[in-house]
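K.L.:
protein.txt is the file, holding compact mmCIF, C-alpha atoms:
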```
# COMPACT_ATOMS: atom_id res chain seq x y z
CA MET P 1 122.70 77.52 116.89
CA LYS P 2 121.31 79.52 114.00
CA VAL P 3 121.53 83.05 112.61
CA TYR P 4 118.09 84.47 111.85
CA ILE P 5 118.24 87.17 109.18
CA VAL P 6 115.11 89.10 110.06
CA GLY P 7 113.34 91.82 108.10
CA ALA P 8 112.22 94.59 110.46
CA GLY P 9 109.93 96.08 107.84
CA PRO P 10 109.85 99.79 106.97
CA GLY P 11 109.57 101.05 110.54
CA ASN P 12 106.11 100.57 112.03
CA PRO P 13 106.44 97.88 114.74
CA GLU P 14 102.92 96.65 113.94
CA TRP P 15 104.12 95.68 110.45
CA LEU P 16 106.53 93.06 111.76
CA THR P 17 105.65 89.49 110.90
CA VAL P 18 104.47 87.31 113.79
CA GLN P 19 107.65 85.24 113.47
CA ALA P 20 109.88 88.34 113.52
CA GLU P 21 108.23 89.66 116.69
CA ARG P 22 108.50 86.27 118.40
CA LEU P 23 112.21 86.01 117.58
CA LEU P 24 112.90 89.53 118.82
CA ARG P 25 111.06 88.99 122.10
CA GLN P 26 113.15 85.92 122.91
CA ALA P 27 116.47 87.12 121.46
CA ARG P 28 119.69 86.63 123.40
CA ILE P 29 121.97 88.28 120.81
CA CYS P 30 120.87 90.85 118.24
CA VAL P 31 122.98 92.54 115.57
CA TYR P 32 120.85 95.39 114.19
CA ALA P 33 121.16 98.15 111.60
CA GLY P 34 121.16 100.98 114.11
CA SER P 35 121.14 103.80 111.58
CA LEU P 36 117.87 102.57 110.07
CA VAL P 37 115.86 100.37 112.46
CA ASN P 38 113.08 102.19 114.31
CA PRO P 39 114.08 102.31 118.02
CA GLN P 40 110.54 101.22 118.92
CA ILE P 41 111.28 97.83 117.36
CA LEU P 42 114.39 97.43 119.51
CA GLU P 43 112.17 97.87 122.58
CA LEU P 44 110.84 94.38 121.86
CA LEU P 45 114.24 92.90 122.75
CA PRO P 46 114.61 91.52 126.29
CA ALA P 47 116.60 93.73 128.65
CA SER P 48 119.19 90.95 128.93
CA CYS P 49 119.71 90.75 125.14
CA GLU P 50 123.28 91.33 123.97
CA ARG P 51 123.10 94.12 121.37
CA HIS P 52 125.45 95.07 118.55
CA ASP P 53 124.83 98.10 116.32
CA SER P 54 126.09 97.14 112.86
CA ALA P 55 126.14 100.77 111.67
CA SER P 56 129.74 101.06 112.83
CA MET P 57 130.77 97.44 112.23
CA SER P 58 132.63 95.84 109.34
CA LEU P 59 131.63 92.51 107.80
CA ASP P 60 134.44 90.79 109.71
CA GLU P 61 133.17 92.22 112.99
CA ILE P 62 129.61 91.07 112.31
CA ILE P 63 130.79 87.56 111.49
CA ALA P 64 132.97 87.54 114.61
CA VAL P 65 129.84 88.05 116.73
CA CYS P 66 128.18 85.12 114.95
CA ARG P 67 131.29 82.95 115.35
CA ASP P 68 131.41 83.65 119.08
CA ALA P 69 127.67 82.92 119.40
CA HIS P 70 128.18 79.66 117.52
CA ARG P 71 130.88 78.69 120.03
CA ARG P 72 128.41 79.41 122.87
CA ASP P 73 125.51 77.72 121.02
CA VAL P 74 123.37 80.86 121.15
CA ASP P 75 121.13 82.00 118.29
CA VAL P 76 121.74 85.40 116.69
CA ILE P 77 119.07 87.75 115.34
CA ARG P 78 120.55 89.71 112.43
CA LEU P 79 118.01 92.51 112.16
CA HIS P 80 117.78 94.40 108.87
CA THR P 81 115.28 97.04 107.84
CA GLY P 82 112.61 96.42 105.24
CA GLU P 83 112.97 93.18 103.30
CA PRO P 84 116.54 91.87 103.72
CA SER P 85 116.74 90.43 100.20
CA ILE P 86 116.51 93.94 98.69
CA TYR P 87 119.64 96.06 99.19
CA GLY P 88 120.27 94.27 102.48
CA ALA P 89 123.92 93.26 101.85
CA ILE P 90 123.01 89.85 103.26
CA GLY P 91 124.53 87.79 100.46
CA GLU P 92 128.05 88.50 101.63
CA GLN P 93 127.08 87.70 105.22
CA MET P 94 125.55 84.36 104.29
CA ASN P 95 128.58 83.51 102.15
CA ALA P 96 130.83 84.20 105.13
CA LEU P 97 128.76 81.97 107.45
CA VAL P 98 128.79 78.92 105.17
CA PRO P 99 132.50 77.96 105.55
CA LEU P 100 132.16 78.39 109.31
CA GLY P 101 129.40 75.78 109.39
CA ILE P 102 126.93 78.29 110.85
CA ASP P 103 123.33 77.65 109.86
CA PHE P 104 121.09 80.58 108.90
CA THR P 105 117.56 81.27 107.79
CA MET P 106 115.71 84.31 106.44
CA VAL P 107 112.54 85.89 107.83
CA PRO P 108 111.03 88.23 105.21
CA GLY P 109 109.80 91.73 105.99
CA ILE P 110 107.67 94.37 104.30
CA SER P 111 109.80 96.45 101.95
CA ALA P 112 109.89 100.23 101.60
CA PHE P 113 108.27 100.08 98.16
CA GLN P 114 105.23 98.37 99.67
CA ALA P 115 105.06 100.84 102.54
CA ALA P 116 105.38 103.73 100.10
CA ALA P 117 102.52 102.40 97.97
CA ALA P 118 100.39 102.15 101.11
CA ALA P 119 101.27 105.74 102.03
CA LEU P 120 100.39 106.95 98.53
CA GLN P 121 97.22 104.81 98.55
CA CYS P 122 98.01 103.53 95.09
CA GLU P 123 98.32 100.31 93.13
CA LEU P 124 101.73 100.06 91.50
CA THR P 125 100.29 98.13 88.57
CA ALA P 126 97.54 99.74 86.48
CA PRO P 127 95.72 97.94 83.62
CA GLY P 128 96.84 99.20 80.26
CA LEU P 129 99.44 101.52 81.76
CA ALA P 130 101.89 99.64 83.97
CA GLN P 131 102.06 95.89 84.42
CA THR P 132 105.70 95.88 85.50
CA VAL P 133 107.32 97.22 88.66
CA ILE P 134 111.08 97.80 88.68
CA LEU P 135 113.00 98.08 91.96
CA THR P 136 116.28 99.84 91.35
CA ARG P 137 118.69 102.54 92.49
CA ALA P 138 120.84 105.22 90.93
CA ALA P 139 124.54 104.67 90.44
CA GLY P 140 126.71 106.04 93.23
CA ARG P 141 129.59 104.62 95.20
CA THR P 142 128.02 101.29 94.30
CA PRO P 143 127.98 101.31 90.48
CA LEU P 144 125.23 99.89 88.29
CA PRO P 145 125.82 97.36 85.51
CA ALA P 146 125.71 99.22 82.20
CA SER P 147 122.61 97.31 81.14
CA GLN P 148 120.75 98.50 84.24
CA GLU P 149 121.33 102.23 84.05
CA LEU P 150 118.20 104.25 84.78
CA ALA P 151 117.91 105.67 81.27
CA GLY P 152 117.73 102.15 79.88
CA LEU P 153 115.17 100.98 82.41
CA ALA P 154 113.08 104.08 81.75
CA ALA P 155 112.50 102.98 78.16
CA HIS P 156 110.09 100.34 79.53
CA ARG P 157 107.90 103.04 81.15
CA ALA P 158 107.24 100.67 84.05
CA THR P 159 106.52 101.85 87.58
CA LEU P 160 109.93 102.67 89.04
CA CYS P 161 110.67 102.35 92.76
CA ILE P 162 114.08 103.92 93.29
CA TYR P 163 115.95 103.16 96.51
CA LEU P 164 118.89 104.91 98.18
CA SER P 165 118.95 107.77 95.70
CA THR P 166 116.93 110.71 97.03
CA HIS P 167 120.03 112.91 97.15
CA GLN P 168 120.31 112.45 93.37
CA ALA P 169 116.69 113.36 92.60
CA THR P 170 117.58 116.20 90.20
CA GLU P 171 119.82 114.01 88.05
CA ILE P 172 117.42 111.05 88.21
CA CYS P 173 114.41 113.05 87.07
CA ALA P 174 116.44 114.57 84.24
CA GLN P 175 117.36 111.08 83.02
CA LEU P 176 113.76 109.89 83.17
CA ARG P 177 111.97 112.85 81.58
CA PRO P 178 112.89 111.99 77.96
CA HIS P 179 111.15 108.63 78.38
CA TYR P 180 108.24 109.38 80.74
CA GLY P 181 107.66 113.07 79.97
CA GLY P 182 107.99 115.97 82.36
CA ASP P 183 104.36 115.66 83.52
CA CYS P 184 104.71 112.03 84.59
CA PRO P 185 103.64 111.53 88.23
CA ALA P 186 106.53 111.23 90.68
CA ALA P 187 106.63 111.02 94.44
CA ALA P 188 109.02 110.78 97.36
CA VAL P 189 108.00 109.03 100.57
CA TYR P 190 110.22 109.72 103.57
CA HIS P 191 110.22 107.31 106.54
CA ALA P 192 107.27 105.33 105.18
CA SER P 193 105.13 104.03 108.07
CA TRP P 194 107.07 105.99 110.74
CA PRO P 195 105.30 108.64 112.87
CA ASP P 196 107.22 111.35 111.00
CA GLN P 197 106.35 109.99 107.54
CA ARG P 198 106.29 112.65 104.81
CA ILE P 199 104.81 112.37 101.33
CA LEU P 200 105.81 114.61 98.45
CA ARG P 201 103.72 114.32 95.26
CA GLY P 202 104.66 116.03 92.05
CA THR P 203 105.95 115.31 88.57
CA LEU P 204 109.34 114.56 87.09
CA THR P 205 109.61 118.30 86.53
CA THR P 206 108.52 119.54 89.96
CA LEU P 207 109.63 116.83 92.40
CA PRO P 208 113.36 117.72 92.68
CA ALA P 209 112.59 121.24 93.93
CA MET P 210 110.06 119.83 96.41
CA ILE P 211 112.68 117.45 97.79
CA ASP P 212 115.24 120.24 98.06
CA GLU P 213 112.77 122.48 99.88
CA ALA P 214 111.87 119.68 102.30
CA GLN P 215 115.61 119.01 102.83
CA ILE P 216 115.13 115.26 102.40
CA THR P 217 118.38 113.56 101.47
CA ARG P 218 118.01 109.97 102.69
CA THR P 219 115.64 107.28 104.03
CA ALA P 220 113.13 108.12 101.31
CA LEU P 221 111.92 106.17 98.30
CA LEU P 222 111.29 107.71 94.88
CA LEU P 223 108.37 106.40 92.83
CA VAL P 224 107.74 107.24 89.19
CA GLY P 225 105.00 106.23 86.78
CA GLU P 226 101.41 106.83 85.73
CA ALA P 227 100.12 104.19 88.16
CA ILE P 228 101.03 106.09 91.32
CA ASN P 229 98.31 108.71 90.71
CA ARG P 230 95.63 105.98 90.75
CA PRO P 231 94.39 106.40 87.16
CA ASP P 232 90.89 105.40 86.02
CA SER P 233 92.04 102.28 84.16
CA VAL P 234 89.92 99.22 85.05
CA SER P 235 90.96 95.58 85.10
CA LYS P 236 89.04 92.65 83.65
CA LEU P 237 89.04 90.82 86.97
CA TYR P 238 85.78 92.32 88.25
CA ASP P 239 84.27 93.27 84.88
CA ALA P 240 80.72 91.84 84.77
CA ALA P 241 81.14 91.19 81.05
CA PHE P 242 84.30 89.14 81.52
CA SER P 243 84.28 85.40 82.20
CA HIS P 244 87.05 83.55 84.02
CA GLY P 245 87.56 80.28 85.86
CA TYR P 246 85.51 81.35 88.88
CA ARG P 247 82.76 83.46 87.29
CA LYS P 248 80.73 83.62 84.11
CA ALA P 249 79.94 86.93 82.50
CA SER P 250 76.65 88.30 83.80
CA VAL P 251 76.18 90.98 81.13
CA SER P 252 77.00 91.09 77.44
```
Before anything else, please render the file you have as structure tokens.
P.N.:
Amino acid sequence: MKVYIVGAGPGNPEWLTVQAERLLRQARICVYAGSLVNPQILELLPASCERHDSASMSLDEIIAVCRDAHRRDVDVIRLHTGEPSIYGAIGEQMNALVPLGIDFTMVPGISAFQAAAAALQCELTAPGLAQTVILTRAAGRTPLPASQELAGLAAHRATLCIYLSTHQATEICAQLRPHYGGDCPAAAVYHASWPDQRILRGTLTTLPAMIDEAQITRTALLLVGEAINRPDSVSKLYDAAFSHGYRKASVS
């Protein structure tokens, strides 16, 4: 028996990995994040699959399902949205399975920041402007370590992908403006890859009002940085005057 911690991706069923789809189609027990997983993905489960919506469950209740499945020698699909290793709360679940002798494995999924970049049709890294991408969130009921507060991270002027914080957009943008400037590109992508996906493009000055007007408070990712507007900066990789291990310069 094994617990498969599966990334469901951002929402589009076609963005599941081949392994994830195979596991879902043959699942006998599935514990899924009902408040976030696209219902279309759950349609892949067999009709006979035993289903548990973790939205209303505690950690103890989730582990109890796994313990009972272990007793019956039946695999469990623990279905998370996006990429489980990012804000998936899977560490505590794995730690609880170890003393019970329950084996587990992880199946990665596409994360919201990747889906948002696809929606914005941008490269998150831009030569000369942004060669670092920071995945973070604003402090809320889950606090941030002091060294990882947004104002401190903003000093790097990297591309910021901010999770779970859309409802704090006004405060976030105010913290970032002194470092990035009010005209810095900023965007919010709601339900990236879903049929009802919405994209809001603005700046650190204008984006909060756009989010308020759209009444978006959750399931959206905030992106900040010069790279998201697809600037004209050009890499050396395909520069005809640049030699590397696979190509010699063709022009001087």
K.L.:
Which residue gives the smallest distance to Ala192 of chain P among P:Gly9, P:Gly140, P:Pro208, P:Pro145, with all atoms listed in the file counted?
P.N.:
P:Gly9
K.L.:
Report, in Å to a single decimal, how far apart atom CA of Glu50 of chain P and atom CA of Gly11 of chain P are.
P.N.:
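Distance between the two atoms: 21.5 Å.
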K.L.:
Figure out the distance between atom CA of Thr136 of chain P and atom CA of Ala33 of chain P, please, to one decimal in Å.
P.N.:
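Atom CA of Thr136 of chain P lies 20.9 Å from atom CA of Ala33 of chain P.
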K.L.:
Which is closest to Gly182 of chain P among P:Gln215, P:Thr206, P:Ser165, P:Thr170, if we use only C-alpha atoms?
P.N.:
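Answer, going by the shortest atom-to-atom distance: P:Thr206.
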K.L.:
What is the distance between atom CA of Val189 of chain P and atom CA of Ser111 of chain P, in Å to one decimal?
P.N.:
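Going from atom CA of Val189 of chain P over to atom CA of Ser111 of chain P, I get 12.8 Å.
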K.L.:
Excluding segment 116-120 of chain P and residues on its chain fewer than 3 positions from it, collect all residues at most 10 Å away from it, counting only C-alpha atoms, and give them as JSON, numbers by chain.
P.N.:
{"P": [10, 111, 112, 113, 123, 124, 161, 187, 188, 189, 190, 191, 192, 193, 197, 198, 199, 200, 201, 220, 221, 222, 223, 228, 229, 230]}
K.L.:
Please save C-alpha atoms of the selected residues as a compact mmCIF listing (two decimals), in the coordinates of the input.
P.N.:
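Resulting contents of result-v4.txt:
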```
# COMPACT_ATOMS: atom_id res chain seq x y z
CA PRO P 10 109.85 99.79 106.97
CA SER P 111 109.80 96.45 101.95
CA ALA P 112 109.89 100.23 101.60
CA PHE P 113 108.27 100.08 98.16
CA GLU P 123 98.32 100.31 93.13
CA LEU P 124 101.73 100.06 91.50
CA CYS P 161 110.67 102.35 92.76
CA ALA P 187 106.63 111.02 94.44
CA ALA P 188 109.02 110.78 97.36
CA VAL P 189 108.00 109.03 100.57
CA TYR P 190 110.22 109.72 103.57
CA HIS P 191 110.22 107.31 106.54
CA ALA P 192 107.27 105.33 105.18
CA SER P 193 105.13 104.03 108.07
CA GLN P 197 106.35 109.99 107.54
CA ARG P 198 106.29 112.65 104.81
CA ILE P 199 104.81 112.37 101.33
CA LEU P 200 105.81 114.61 98.45
CA ARG P 201 103.72 114.32 95.26
CA ALA P 220 113.13 108.12 101.31
CA LEU P 221 111.92 106.17 98.30
CA LEU P 222 111.29 107.71 94.88
CA LEU P 223 108.37 106.40 92.83
CA ILE P 228 101.03 106.09 91.32
CA ASN P 229 98.31 108.71 90.71
CA ARG P 230 95.63 105.98 90.75
```
K.L.:
At a cut-off of 9 Å, using all atoms listed in the file, what residues contact segment 76-91 of chain P? Leave out same-chain residues fewer than 3 positions from it and give the result as a ChimeraX atom specification.
P.N.:
/P:1-11,23-24,27-33,36-38,65-66,69-70,94-96,106-112,135,163-164
K.L.:
With distances taken over all atoms listed in the file, which of P:Thr166, P:Thr205, P:Thr17, P:Ser56 is nearest to Ile41 of chain P?
P.N.:
P:Thr17
K.L.:
Is it possible to get the residues within 10 Å of (131.4, 89.7, 109.3) (coordinates as in the file, counting only C-alpha atoms) written as a list in words?
P.N.:
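Here the neighbourhood of the point contains Ser54, Met57, Ser58, Leu59, Asp60, Glu61, Ile62, Ile63, Ala64, Val65, Cys66, Arg67, Glu92, Gln93, Met94, Asn95, Ala96 and Leu97 of chain P.
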K.L.:
Kindly output segment 154-178 of chain P as an mmCIF file, in the coordinates of the input, after building N, CA and C atoms.
P.N.:
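What ended up in part13.cif:
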```
data_model
loop_
_atom_site.group_PDB
_atom_site.id
_atom_site.type_symbol
_atom_site.label_atom_id
_atom_site.label_comp_id
_atom_site.auth_asym_id
_atom_site.auth_seq_id
_atom_site.Cartn_x
_atom_site.Cartn_y
_atom_site.Cartn_z
ATOM 1 N N ALA P 154 114.184 103.152 81.988
ATOM 2 C CA ALA P 154 113.080 104.080 81.750
ATOM 3 C C ALA P 154 112.382 103.831 80.416
ATOM 4 N N ALA P 155 113.098 103.249 79.475
ATOM 5 C CA ALA P 155 112.500 102.980 78.160
ATOM 6 C C ALA P 155 111.305 102.045 78.263
ATOM 7 N N HIS P 156 111.211 101.259 79.348
ATOM 8 C CA HIS P 156 110.090 100.340 79.530
ATOM 9 C C HIS P 156 108.839 101.064 80.055
ATOM 10 N N ARG P 157 109.000 102.249 80.578
ATOM 11 C CA ARG P 157 107.900 103.040 81.150
ATOM 12 C C ARG P 157 107.128 102.248 82.216
ATOM 13 N N ALA P 158 107.825 101.405 82.932
ATOM 14 C CA ALA P 158 107.240 100.670 84.050
ATOM 15 C C ALA P 158 107.152 101.589 85.266
ATOM 16 N N THR P 159 106.488 101.130 86.309
ATOM 17 C CA THR P 159 106.520 101.850 87.580
ATOM 18 C C THR P 159 107.897 101.650 88.191
ATOM 19 N N LEU P 160 108.591 102.732 88.458
ATOM 20 C CA LEU P 160 109.930 102.670 89.040
ATOM 21 C C LEU P 160 109.863 102.968 90.535
ATOM 22 N N CYS P 161 110.492 102.113 91.323
ATOM 23 C CA CYS P 161 110.670 102.350 92.760
ATOM 24 C C CYS P 161 112.174 102.446 92.975
ATOM 25 N N ILE P 162 112.643 103.642 93.291
ATOM 26 C CA ILE P 162 114.080 103.920 93.290
ATOM 27 C C ILE P 162 114.570 104.092 94.729
ATOM 28 N N TYR P 163 115.419 103.180 95.150
ATOM 29 C CA TYR P 163 115.950 103.160 96.510
ATOM 30 C C TYR P 163 117.244 103.977 96.609
ATOM 31 N N LEU P 164 117.553 104.421 97.815
ATOM 32 C CA LEU P 164 118.890 104.910 98.180
ATOM 33 C C LEU P 164 119.408 106.025 97.282
ATOM 34 N N SER P 165 118.514 106.823 96.740
ATOM 35 C CA SER P 165 118.950 107.770 95.700
ATOM 36 C C SER P 165 118.313 109.142 95.817
ATOM 37 N N THR P 166 117.657 109.435 96.919
ATOM 38 C CA THR P 166 116.930 110.710 97.030
ATOM 39 C C THR P 166 117.849 111.903 96.835
ATOM 40 N N HIS P 167 119.086 111.795 97.280
ATOM 41 C CA HIS P 167 120.030 112.910 97.150
ATOM 42 C C HIS P 167 120.409 113.178 95.695
ATOM 43 N N GLN P 168 120.026 112.273 94.798
ATOM 44 C CA GLN P 168 120.310 112.450 93.370
ATOM 45 C C GLN P 168 119.032 112.728 92.576
ATOM 46 N N ALA P 169 118.000 113.215 93.243
ATOM 47 C CA ALA P 169 116.690 113.360 92.600
ATOM 48 C C ALA P 169 116.742 114.232 91.342
ATOM 49 N N THR P 170 117.512 115.303 91.369
ATOM 50 C CA THR P 170 117.580 116.200 90.200
ATOM 51 C C THR P 170 118.125 115.461 88.987
ATOM 52 N N GLU P 171 119.228 114.749 89.166
ATOM 53 C CA GLU P 171 119.820 114.010 88.050
ATOM 54 C C GLU P 171 118.923 112.870 87.594
ATOM 55 N N ILE P 172 118.293 112.177 88.548
ATOM 56 C CA ILE P 172 117.420 111.050 88.210
ATOM 57 C C ILE P 172 116.245 111.522 87.354
ATOM 58 N N CYS P 173 115.581 112.564 87.802
ATOM 59 C CA CYS P 173 114.410 113.050 87.070
ATOM 60 C C CYS P 173 114.798 113.543 85.669
ATOM 61 N N ALA P 174 115.976 114.123 85.556
ATOM 62 C CA ALA P 174 116.440 114.570 84.240
ATOM 63 C C ALA P 174 116.659 113.385 83.307
ATOM 64 N N GLN P 175 117.155 112.274 83.840
ATOM 65 C CA GLN P 175 117.360 111.080 83.020
ATOM 66 C C GLN P 175 116.042 110.440 82.596
ATOM 67 N N LEU P 176 115.025 110.568 83.433
ATOM 68 C CA LEU P 176 113.760 109.890 83.170
ATOM 69 C C LEU P 176 112.808 110.696 82.290
ATOM 70 N N ARG P 177 112.920 112.017 82.315
ATOM 71 C CA ARG P 177 111.970 112.850 81.580
ATOM 72 C C ARG P 177 111.893 112.554 80.080
ATOM 73 N N PRO P 178 113.008 112.283 79.393
ATOM 74 C CA PRO P 178 112.890 111.990 77.960
ATOM 75 C C PRO P 178 112.026 110.764 77.653
#
```
